[in-house]
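Next comes entry35.csv, with CSV, C-alpha atoms.
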```csv
chain,number,residue,atom,x,y,z
J,1,MET,CA,58.8,-11.1,22.4
J,2,ALA,CA,60.4,-14.5,23.3
J,3,LEU,CA,61.5,-17.7,21.8
J,4,ASP,CA,61.7,-21.2,23.3
J,5,ILE,CA,64.8,-23.3,23.5
J,6,TYR,CA,63.5,-26.8,22.8
J,7,VAL,CA,65.1,-30.1,23.7
J,8,GLY,CA,63.4,-33.3,22.6
J,9,PRO,CA,62.6,-35.5,19.7
J,10,LEU,CA,62.1,-33.7,16.4
J,11,CYS,CA,58.8,-35.6,15.7
J,12,ARG,CA,57.4,-33.9,18.8
J,13,LEU,CA,58.8,-30.5,17.9
J,14,TYR,CA,57.4,-30.4,14.3
J,15,SER,CA,54.1,-32.0,15.2
J,16,ARG,CA,53.7,-29.5,18.1
J,17,ASP,CA,53.0,-32.5,20.3
J,18,PHE,CA,54.4,-31.0,23.5
J,19,THR,CA,53.8,-28.2,26.0
J,20,SER,CA,56.4,-25.6,26.7
J,21,ASP,CA,57.3,-24.5,30.2
J,22,PHE,CA,55.5,-21.2,29.7
J,23,ALA,CA,52.3,-22.9,28.4
J,24,GLU,CA,52.4,-25.3,31.3
J,25,PHE,CA,52.7,-22.5,33.7
J,26,ALA,CA,49.7,-20.7,32.1
J,27,GLN,CA,47.7,-23.9,32.2
J,28,GLN,CA,48.4,-24.5,35.9
J,29,THR,CA,48.0,-20.9,37.1
J,30,LEU,CA,45.3,-19.5,34.7
J,31,GLY,CA,43.6,-22.6,33.6
J,32,ALA,CA,44.4,-21.8,30.0
J,33,ALA,CA,44.4,-24.6,27.5
J,34,PRO,CA,47.7,-25.0,25.6
J,35,VAL,CA,47.5,-23.9,22.0
J,36,THR,CA,50.1,-23.4,19.2
J,37,VAL,CA,49.9,-20.3,17.0
J,38,ASN,CA,51.9,-19.3,14.0
J,39,THR,CA,53.6,-15.9,13.4
J,40,LYS,CA,50.2,-14.5,12.3
J,41,GLY,CA,48.6,-15.5,15.6
J,42,GLU,CA,46.5,-18.2,13.9
J,43,VAL,CA,45.9,-21.3,16.1
J,44,LEU,CA,47.5,-24.4,14.6
J,45,GLU,CA,46.1,-27.9,15.1
J,46,ARG,CA,48.4,-30.3,16.9
J,47,ILE,CA,49.0,-33.8,15.3
J,48,PRO,CA,50.2,-36.9,17.1
J,49,ALA,CA,54.0,-37.1,17.1
J,50,LYS,CA,53.8,-40.8,16.1
J,51,ASP,CA,52.3,-39.7,12.8
J,52,LEU,CA,55.4,-37.6,12.0
J,53,LEU,CA,57.9,-40.1,13.2
J,54,PRO,CA,58.4,-42.0,9.9
J,55,ALA,CA,59.1,-38.7,8.1
J,56,ILE,CA,61.8,-37.7,10.7
J,57,LEU,CA,63.4,-41.1,10.5
J,58,GLY,CA,63.5,-40.8,6.8
J,59,TRP,CA,65.1,-37.4,7.1
J,60,ARG,CA,67.8,-38.8,9.3
J,61,ARG,CA,68.6,-41.4,6.7
J,62,LEU,CA,68.7,-38.7,4.1
J,63,ILE,CA,71.2,-36.5,5.9
J,64,THR,CA,73.4,-39.4,7.1
J,65,PRO,CA,75.8,-39.2,4.0
J,66,GLN,CA,76.4,-35.5,4.6
J,67,PHE,CA,77.3,-35.9,8.2
J,68,ARG,CA,79.5,-38.9,7.5
J,69,SER,CA,81.3,-36.8,5.0
J,70,ALA,CA,81.9,-34.4,7.8
J,71,GLY,CA,83.5,-37.2,9.9
J,72,VAL,CA,80.5,-38.3,12.0
J,73,THR,CA,80.6,-42.1,12.2
J,74,LEU,CA,77.2,-42.6,13.9
J,75,VAL,CA,74.3,-40.5,12.8
J,76,ASP,CA,71.7,-41.4,15.5
J,77,TRP,CA,69.8,-39.8,18.3
J,78,THR,CA,66.7,-40.5,20.5
J,79,GLU,CA,63.7,-40.1,18.2
J,80,THR,CA,60.5,-41.3,19.8
J,81,PRO,CA,57.0,-39.9,20.1
J,82,ILE,CA,57.0,-40.4,23.8
J,83,GLY,CA,60.6,-39.0,24.4
J,84,THR,CA,61.6,-36.5,27.0
J,85,VAL,CA,60.8,-32.8,26.1
J,86,LYS,CA,61.9,-29.6,27.8
J,87,SER,CA,61.1,-26.2,26.3
J,88,SER,CA,62.2,-23.1,28.2
J,89,GLN,CA,61.5,-19.5,27.2
J,90,VAL,CA,64.1,-16.8,26.6
J,91,SER,CA,63.3,-13.3,25.7
J,92,TRP,CA,64.8,-12.0,22.4
J,93,ASP,CA,66.8,-9.2,24.0
J,94,PRO,CA,68.8,-11.4,26.4
J,95,TYR,CA,69.3,-13.9,23.6
J,96,TRP,CA,70.8,-11.2,21.4
J,97,SER,CA,72.8,-10.0,24.3
J,98,LEU,CA,74.5,-13.3,24.4
J,99,ARG,CA,75.1,-13.3,20.6
J,100,LEU,CA,76.5,-9.7,20.8
J,101,LEU,CA,78.8,-10.5,23.6
J,102,ALA,CA,80.2,-13.4,21.6
J,103,ALA,CA,80.5,-11.3,18.4
J,104,TYR,CA,82.3,-8.4,20.1
J,105,SER,CA,84.8,-10.7,21.7
J,106,GLU,CA,86.2,-11.3,18.2
J,107,PHE,CA,86.8,-7.5,17.6
J,108,PRO,CA,88.4,-6.0,20.8
J,109,ASP,CA,88.8,-2.7,19.0
J,110,LEU,CA,85.1,-2.3,18.9
J,111,HIS,CA,83.2,-0.9,21.9
J,112,LEU,CA,80.8,-3.4,23.4
J,113,PRO,CA,77.4,-1.7,23.7
J,114,ASP,CA,75.5,-1.5,27.0
J,115,ARG,CA,72.5,-3.2,25.6
J,116,SER,CA,71.1,-4.8,22.4
J,117,PRO,CA,70.3,-2.2,19.8
J,118,GLU,CA,66.8,-1.9,18.5
J,119,ASP,CA,68.0,-2.3,15.0
J,120,LEU,CA,70.4,-5.3,15.0
J,121,SER,CA,71.1,-4.9,11.3
J,122,GLN,CA,73.0,-1.8,12.1
J,123,ASP,CA,75.2,-3.4,14.8
J,124,ALA,CA,79.0,-3.1,14.0
J,125,ALA,CA,80.2,-6.6,15.1
J,126,LEU,CA,77.2,-8.5,13.7
J,127,GLY,CA,77.6,-6.6,10.5
J,128,ILE,CA,81.2,-7.8,10.1
J,129,ILE,CA,80.4,-11.5,10.7
J,130,ARG,CA,76.9,-11.6,9.3
J,131,ASP,CA,77.9,-13.2,6.0
J,132,HIS,CA,80.6,-15.3,7.6
J,133,PHE,CA,78.9,-16.9,10.7
J,134,LEU,CA,80.5,-20.3,9.9
J,135,ARG,CA,84.0,-18.8,10.0
J,136,SER,CA,83.4,-17.0,13.4
J,137,ARG,CA,84.8,-18.4,16.7
J,138,PHE,CA,81.2,-19.4,17.6
J,139,PRO,CA,79.8,-21.0,14.5
J,140,HIS,CA,77.4,-23.3,16.3
J,141,LEU,CA,75.9,-20.3,18.2
J,142,HIS,CA,75.7,-17.8,15.4
J,143,ALA,CA,74.9,-20.0,12.3
J,144,CYS,CA,72.5,-22.5,13.7
J,145,ASP,CA,69.0,-22.8,15.2
J,146,LEU,CA,69.0,-26.6,15.2
J,147,TRP,CA,71.5,-28.8,16.8
J,148,LEU,CA,71.9,-32.6,16.9
J,149,PRO,CA,73.7,-34.7,19.6
J,150,LEU,CA,76.4,-35.7,17.1
J,151,ARG,CA,80.2,-35.3,17.2
J,152,CYS,CA,81.0,-32.9,14.4
J,153,ALA,CA,83.5,-30.0,14.7
J,154,ASP,CA,81.7,-27.7,12.3
J,155,PRO,CA,78.0,-27.2,11.4
J,156,VAL,CA,76.8,-29.3,8.4
J,157,THR,CA,74.6,-27.6,5.8
J,158,VAL,CA,71.6,-29.8,5.0
J,159,GLU,CA,67.9,-29.5,4.0
J,160,THR,CA,65.9,-29.5,7.3
J,161,PRO,CA,62.6,-31.2,7.8
J,162,THR,CA,60.9,-27.8,7.2
J,163,GLY,CA,62.4,-27.7,3.7
J,164,HIS,CA,65.0,-25.0,4.4
J,165,THR,CA,68.7,-25.5,3.6
J,166,LYS,CA,70.8,-24.2,6.4
J,167,PRO,CA,73.6,-25.2,8.8
J,168,VAL,CA,72.8,-27.8,11.5
J,169,GLY,CA,75.1,-27.8,14.5
J,170,SER,CA,76.3,-30.1,17.2
J,171,VAL,CA,74.9,-29.9,20.7
J,172,GLY,CA,78.3,-30.8,22.2
J,173,MET,CA,80.1,-28.1,20.2
J,174,LEU,CA,77.4,-25.5,21.1
J,175,ARG,CA,77.9,-26.5,24.7
J,176,ALA,CA,81.6,-25.9,24.4
J,177,GLU,CA,81.0,-22.5,22.8
J,178,LEU,CA,78.6,-21.4,25.5
J,179,ASP,CA,81.0,-22.6,28.2
J,180,GLN,CA,83.8,-20.5,26.6
J,181,ILE,CA,81.5,-17.4,26.9
J,182,ARG,CA,80.7,-18.3,30.5
J,183,THR,CA,84.3,-18.8,31.6
J,184,ARG,CA,86.3,-16.4,29.4
J,185,LEU,CA,83.9,-13.5,28.8
J,186,LEU,CA,81.8,-13.5,32.0
J,187,ALA,CA,84.3,-15.2,34.4
J,188,ALA,CA,81.4,-17.2,35.9
J,189,PRO,CA,82.5,-20.5,37.5
J,190,ASP,CA,79.0,-22.0,37.6
J,191,ARG,CA,75.3,-21.4,37.1
J,192,GLU,CA,74.9,-19.7,40.5
J,193,ALA,CA,77.5,-17.2,39.4
J,194,LEU,CA,75.6,-16.6,36.2
J,195,ASN,CA,72.4,-15.9,38.2
J,196,THR,CA,74.3,-13.5,40.4
J,197,ILE,CA,75.6,-11.6,37.3
J,198,ALA,CA,72.1,-11.6,35.8
J,199,ALA,CA,70.7,-9.9,38.9
J,200,ASP,CA,73.6,-7.4,39.4
J,201,PRO,CA,72.3,-3.8,38.7
J,202,ALA,CA,75.9,-2.6,38.4
J,203,ARG,CA,76.3,-4.7,35.3
J,204,THR,CA,75.1,-3.5,31.9
J,205,ALA,CA,71.9,-4.7,30.5
J,206,LEU,CA,73.8,-6.7,27.8
J,207,ILE,CA,75.9,-8.5,30.3
J,208,ARG,CA,72.9,-9.3,32.6
J,209,GLY,CA,71.0,-10.6,29.6
J,210,ALA,CA,73.9,-12.8,28.3
J,211,ALA,CA,74.3,-14.3,31.8
J,212,ALA,CA,70.6,-14.9,32.2
J,213,THR,CA,70.4,-16.7,28.8
J,214,LEU,CA,73.4,-18.9,29.6
J,215,ALA,CA,71.8,-19.8,33.0
J,216,ILE,CA,68.9,-21.2,31.0
J,217,TRP,CA,70.7,-22.6,28.0
J,218,LEU,CA,73.6,-24.6,29.5
J,219,PRO,CA,71.4,-26.9,31.6
J,220,LEU,CA,69.3,-27.6,28.5
J,221,CYS,CA,72.5,-28.6,26.6
J,222,ASP,CA,73.3,-31.0,29.4
J,223,LEU,CA,69.9,-32.5,29.2
J,224,ALA,CA,70.2,-32.9,25.4
J,225,LEU,CA,73.6,-34.6,25.8
J,226,GLU,CA,72.5,-36.9,28.6
J,227,HIS,CA,69.5,-38.2,26.7
J,228,ARG,CA,70.9,-37.8,23.2
J,229,LEU,CA,68.2,-35.4,22.1
J,230,PRO,CA,68.1,-32.7,19.4
J,231,MET,CA,67.9,-29.0,20.4
J,232,ALA,CA,66.2,-26.2,18.5
J,233,LEU,CA,65.3,-22.5,18.8
J,234,ASP,CA,61.5,-22.5,18.6
J,235,GLY,CA,60.1,-19.0,18.0
```

Please rewrite the model in this file as structure tokens.
Amino acid sequence: MALDIYVGPLCRLYSRDFTSDFAEFAQQTLGAAPVTVNTKGEVLERIPAKDLLPAILGWRRLITPQFRSAGVTLVDWTETPIGTVKSSQVSWDPYWSLRLLAAYSEFPDLHLPDRSPEDLSQDAALGIIRDHFLRSRFPHLHACDLWLPLRCADPVTVETPTGHTKPVGSVGMLRAELDQIRTRLLAAPDREALNTIAADPARTALIRGAAATLAIWLPLCDLALEHRLPMALDG
């Protein structure tokens, strides 16, 4: 199983008016037409992003007071139906390896496992912080699956375009948290070093997975910041 890390306008994300890297690869190599399916495997109809744009712009106006209360002076980002999109796939196990590495760094008395457990609900470190993600050292990583290119120190809890009330993070602060994991926990000076760690059989599966996820995620953060685009976990 896998999820996509999406960077692009929200009107394109929620209308499914884009093609992920994996779908594009399948289309080019296998001739498969890109489709979108839900969790039940049912094919969903795509709609033009321009049809959803007014709703997303309305949502931005709706959440502006909450972000301003959190100290954000300008609540704005690139939102256009023809905006840049990049969507790269990460497997669930490496993704959780990254989360676990961050979680265990807060509890040095706990033994870091060699790999992600099959039952994450039984993990010791995650169990301690599960109800307190916003108070962890990595709140933008642990508490959020949607990030905006806004300058806010802490995630802001709002109702998202899908109708769920949950914390929305900052791309810049997520980038800082991921960089902290890269430099302090993996001692990797750059992306090349992350790729080296990810391919090193002497490392545990958890460390390899965390490094592989960072090698994909950090450049996507840079893209989002450069073009002032939202980022979301899509899967």

With a cut-off of 12 Å, could you pull out the residues of range 161-212 of chain J touching range 50-59 of chain J and give me the nearest pair of atoms for each, distance in Å to one decimal, using all atoms listed in the file, ordered by chain and ascending number, as CSV?
```
residue,atom,partner,partner_atom,distance
J:Pro161,CA,J:Trp59,CA,6.7
J:Thr162,CA,J:Trp59,CA,10.5
J:Gly163,CA,J:Trp59,CA,10.6
```

Answer as number ranges by chain, residues within 8 Å of (73.7, -34.1, 23.2) using only C-alpha atoms = J: 148-150, 170-172, 221-230

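The shortest atom-to-atom distance to Leu206 in chain J, with all atoms listed in the file taken into account, belongs to J:Ser97 out of J:Thr19, J:Thr64, J:Ser97, J:Ser121.
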
Interatomic distance between CA of Trp92 in chain J and CA of Arg46 in chain J?
->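 If I compute the distance from CA of Trp92 in chain J to CA of Arg46 in chain J, I get 25.2 Å.
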
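Candidate residues J:Ser87, J:Leu185, J:Phe133, J:Ala143 were compared for distance to Pro108 in chain J, and the nearest is J:Leu185, using only C-alpha atoms.
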
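Computed from the coordinates, the CA of Arg151 in chain J to CA of Asp17 in chain J distance equals 27.5 Å.
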
Rank nothing, just name the residue among J:Glu79, J:Leu134, J:Arg12, J:Ile63 nearest to Pro48 in chain J, using only C-alpha atoms.
->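 Closest to Pro48 in chain J, using only C-alpha atoms: J:Arg12.
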
Suppose you want the space between CA of Asp145 in chain J and CA of Asp234 in chain J; what is it in Å?
-> 8.2 Å

Which residues come within 9 Å of Leu214 in chain J, counting all atoms listed in the file, excluding same-chain residues fewer than 2 positions away, as a PyMOL selection string?
-> chain J and resi 95+98+178-179+181-182+191+194+209-212+216-219

Which residue, J:Ile47, J:Ile128, J:Ala153, J:Leu10, has the smallest gap to Gly83 in chain J when you use all atoms listed in the file?
->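 Residue with the minimum atom-to-atom distance to Gly83 in chain J: J:Leu10.
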
Rank nothing, just name the residue among J:Ser136, J:Val75, J:Glu118, J:Val90 nearest to Ala103 in chain J, using all atoms listed in the file.
->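 Using all atoms listed in the file, the shortest distance to Ala103 in chain J belongs to J:Ser136.
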
Skip Ala124 in chain J itself and residues of its chain fewer than 5 positions away, then list as a PyMOL selection string all residues within 12 Å of it, counting all atoms listed in the file.
-> chain J and resi 100+103-104+106-113+116-117+119+129-130

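Of the listed residues J:Glu159, J:Ser105, J:Pro81, J:Arg137, the one whose atoms come nearest to Ala125 in chain J is J:Ser105, with distances taken using all atoms listed in the file.
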
Who sits within 10 Å of Thr204 in chain J, all atoms listed in the file, same chain under 6 positions skipped, as a PDB file with C-alpha atoms, in the coordinates of the input:
```pdb
ATOM      1  CA  PRO J 113      77.400  -1.700  23.700  1.00  0.00           C
ATOM      2  CA  ASP J 114      75.500  -1.500  27.000  1.00  0.00           C
ATOM      3  CA  ARG J 115      72.500  -3.200  25.600  1.00  0.00           C
ATOM      4  CA  ILE J 197      75.600 -11.600  37.300  1.00  0.00           C
ATOM      5  CA  ALA J 198      72.100 -11.600  35.800  1.00  0.00           C
TER       6      ALA J 198
END
```

Once N, CA and C atoms are restored for range 80-101 of chain J, what would the output be as a PDB file, in the coordinates of the input?
```pdb
ATOM      1  N   THR J  80      61.635 -40.568  19.384  1.00  0.00           N
ATOM      2  CA  THR J  80      60.500 -41.300  19.800  1.00  0.00           C
ATOM      3  C   THR J  80      59.321 -40.396  20.097  1.00  0.00           C
ATOM      4  N   PRO J  81      58.086 -40.759  19.790  1.00  0.00           N
ATOM      5  CA  PRO J  81      57.000 -39.900  20.100  1.00  0.00           C
ATOM      6  C   PRO J  81      56.635 -39.698  21.541  1.00  0.00           C
ATOM      7  N   ILE J  82      57.280 -40.489  22.398  1.00  0.00           N
ATOM      8  CA  ILE J  82      57.000 -40.400  23.800  1.00  0.00           C
ATOM      9  C   ILE J  82      58.321 -39.930  24.555  1.00  0.00           C
ATOM     10  N   GLY J  83      59.275 -39.398  23.798  1.00  0.00           N
ATOM     11  CA  GLY J  83      60.600 -39.000  24.400  1.00  0.00           C
ATOM     12  C   GLY J  83      60.482 -37.785  25.250  1.00  0.00           C
ATOM     13  N   THR J  84      61.516 -37.613  26.067  1.00  0.00           N
ATOM     14  CA  THR J  84      61.600 -36.500  27.000  1.00  0.00           C
ATOM     15  C   THR J  84      61.592 -35.145  26.189  1.00  0.00           C
ATOM     16  N   VAL J  85      60.860 -34.180  26.727  1.00  0.00           N
ATOM     17  CA  VAL J  85      60.800 -32.800  26.100  1.00  0.00           C
ATOM     18  C   VAL J  85      60.968 -31.804  27.235  1.00  0.00           C
ATOM     19  N   LYS J  86      61.788 -30.798  26.967  1.00  0.00           N
ATOM     20  CA  LYS J  86      61.900 -29.600  27.800  1.00  0.00           C
ATOM     21  C   LYS J  86      61.995 -28.418  26.929  1.00  0.00           C
ATOM     22  N   SER J  87      61.165 -27.434  27.183  1.00  0.00           N
ATOM     23  CA  SER J  87      61.100 -26.200  26.300  1.00  0.00           C
ATOM     24  C   SER J  87      61.038 -25.010  27.247  1.00  0.00           C
ATOM     25  N   SER J  88      62.130 -24.256  27.322  1.00  0.00           N
ATOM     26  CA  SER J  88      62.200 -23.100  28.200  1.00  0.00           C
ATOM     27  C   SER J  88      62.279 -21.813  27.426  1.00  0.00           C
ATOM     28  N   GLN J  89      61.633 -20.792  27.950  1.00  0.00           N
ATOM     29  CA  GLN J  89      61.500 -19.500  27.200  1.00  0.00           C
ATOM     30  C   GLN J  89      62.628 -18.562  27.560  1.00  0.00           C
ATOM     31  N   VAL J  90      63.131 -17.894  26.508  1.00  0.00           N
ATOM     32  CA  VAL J  90      64.100 -16.800  26.600  1.00  0.00           C
ATOM     33  C   VAL J  90      63.653 -15.639  25.853  1.00  0.00           C
ATOM     34  N   SER J  91      63.747 -14.463  26.441  1.00  0.00           N
ATOM     35  CA  SER J  91      63.300 -13.300  25.700  1.00  0.00           C
ATOM     36  C   SER J  91      64.370 -12.944  24.638  1.00  0.00           C
ATOM     37  N   TRP J  92      63.893 -12.301  23.569  1.00  0.00           N
ATOM     38  CA  TRP J  92      64.800 -12.000  22.400  1.00  0.00           C
ATOM     39  C   TRP J  92      65.934 -11.112  22.838  1.00  0.00           C
ATOM     40  N   ASP J  93      65.691 -10.117  23.678  1.00  0.00           N
ATOM     41  CA  ASP J  93      66.800  -9.200  24.000  1.00  0.00           C
ATOM     42  C   ASP J  93      67.909  -9.864  24.751  1.00  0.00           C
ATOM     43  N   PRO J  94      67.664 -10.680  25.780  1.00  0.00           N
ATOM     44  CA  PRO J  94      68.800 -11.400  26.400  1.00  0.00           C
ATOM     45  C   PRO J  94      69.449 -12.393  25.455  1.00  0.00           C
ATOM     46  N   TYR J  95      68.665 -13.022  24.572  1.00  0.00           N
ATOM     47  CA  TYR J  95      69.300 -13.900  23.600  1.00  0.00           C
ATOM     48  C   TYR J  95      70.260 -13.179  22.713  1.00  0.00           C
ATOM     49  N   TRP J  96      69.858 -12.011  22.203  1.00  0.00           N
ATOM     50  CA  TRP J  96      70.800 -11.200  21.400  1.00  0.00           C
ATOM     51  C   TRP J  96      71.904 -10.637  22.155  1.00  0.00           C
ATOM     52  N   SER J  97      71.688 -10.415  23.437  1.00  0.00           N
ATOM     53  CA  SER J  97      72.800 -10.000  24.300  1.00  0.00           C
ATOM     54  C   SER J  97      73.913 -10.989  24.299  1.00  0.00           C
ATOM     55  N   LEU J  98      73.538 -12.245  24.390  1.00  0.00           N
ATOM     56  CA  LEU J  98      74.500 -13.300  24.400  1.00  0.00           C
ATOM     57  C   LEU J  98      75.257 -13.358  23.010  1.00  0.00           C
ATOM     58  N   ARG J  99      74.492 -13.275  21.927  1.00  0.00           N
ATOM     59  CA  ARG J  99      75.100 -13.300  20.600  1.00  0.00           C
ATOM     60  C   ARG J  99      76.049 -12.096  20.413  1.00  0.00           C
ATOM     61  N   LEU J 100      75.641 -10.941  20.895  1.00  0.00           N
ATOM     62  CA  LEU J 100      76.500  -9.700  20.800  1.00  0.00           C
ATOM     63  C   LEU J 100      77.749  -9.853  21.576  1.00  0.00           C
ATOM     64  N   LEU J 101      77.634 -10.374  22.792  1.00  0.00           N
ATOM     65  CA  LEU J 101      78.800 -10.500  23.600  1.00  0.00           C
ATOM     66  C   LEU J 101      79.837 -11.442  22.924  1.00  0.00           C
TER      67      LEU J 101
END
```
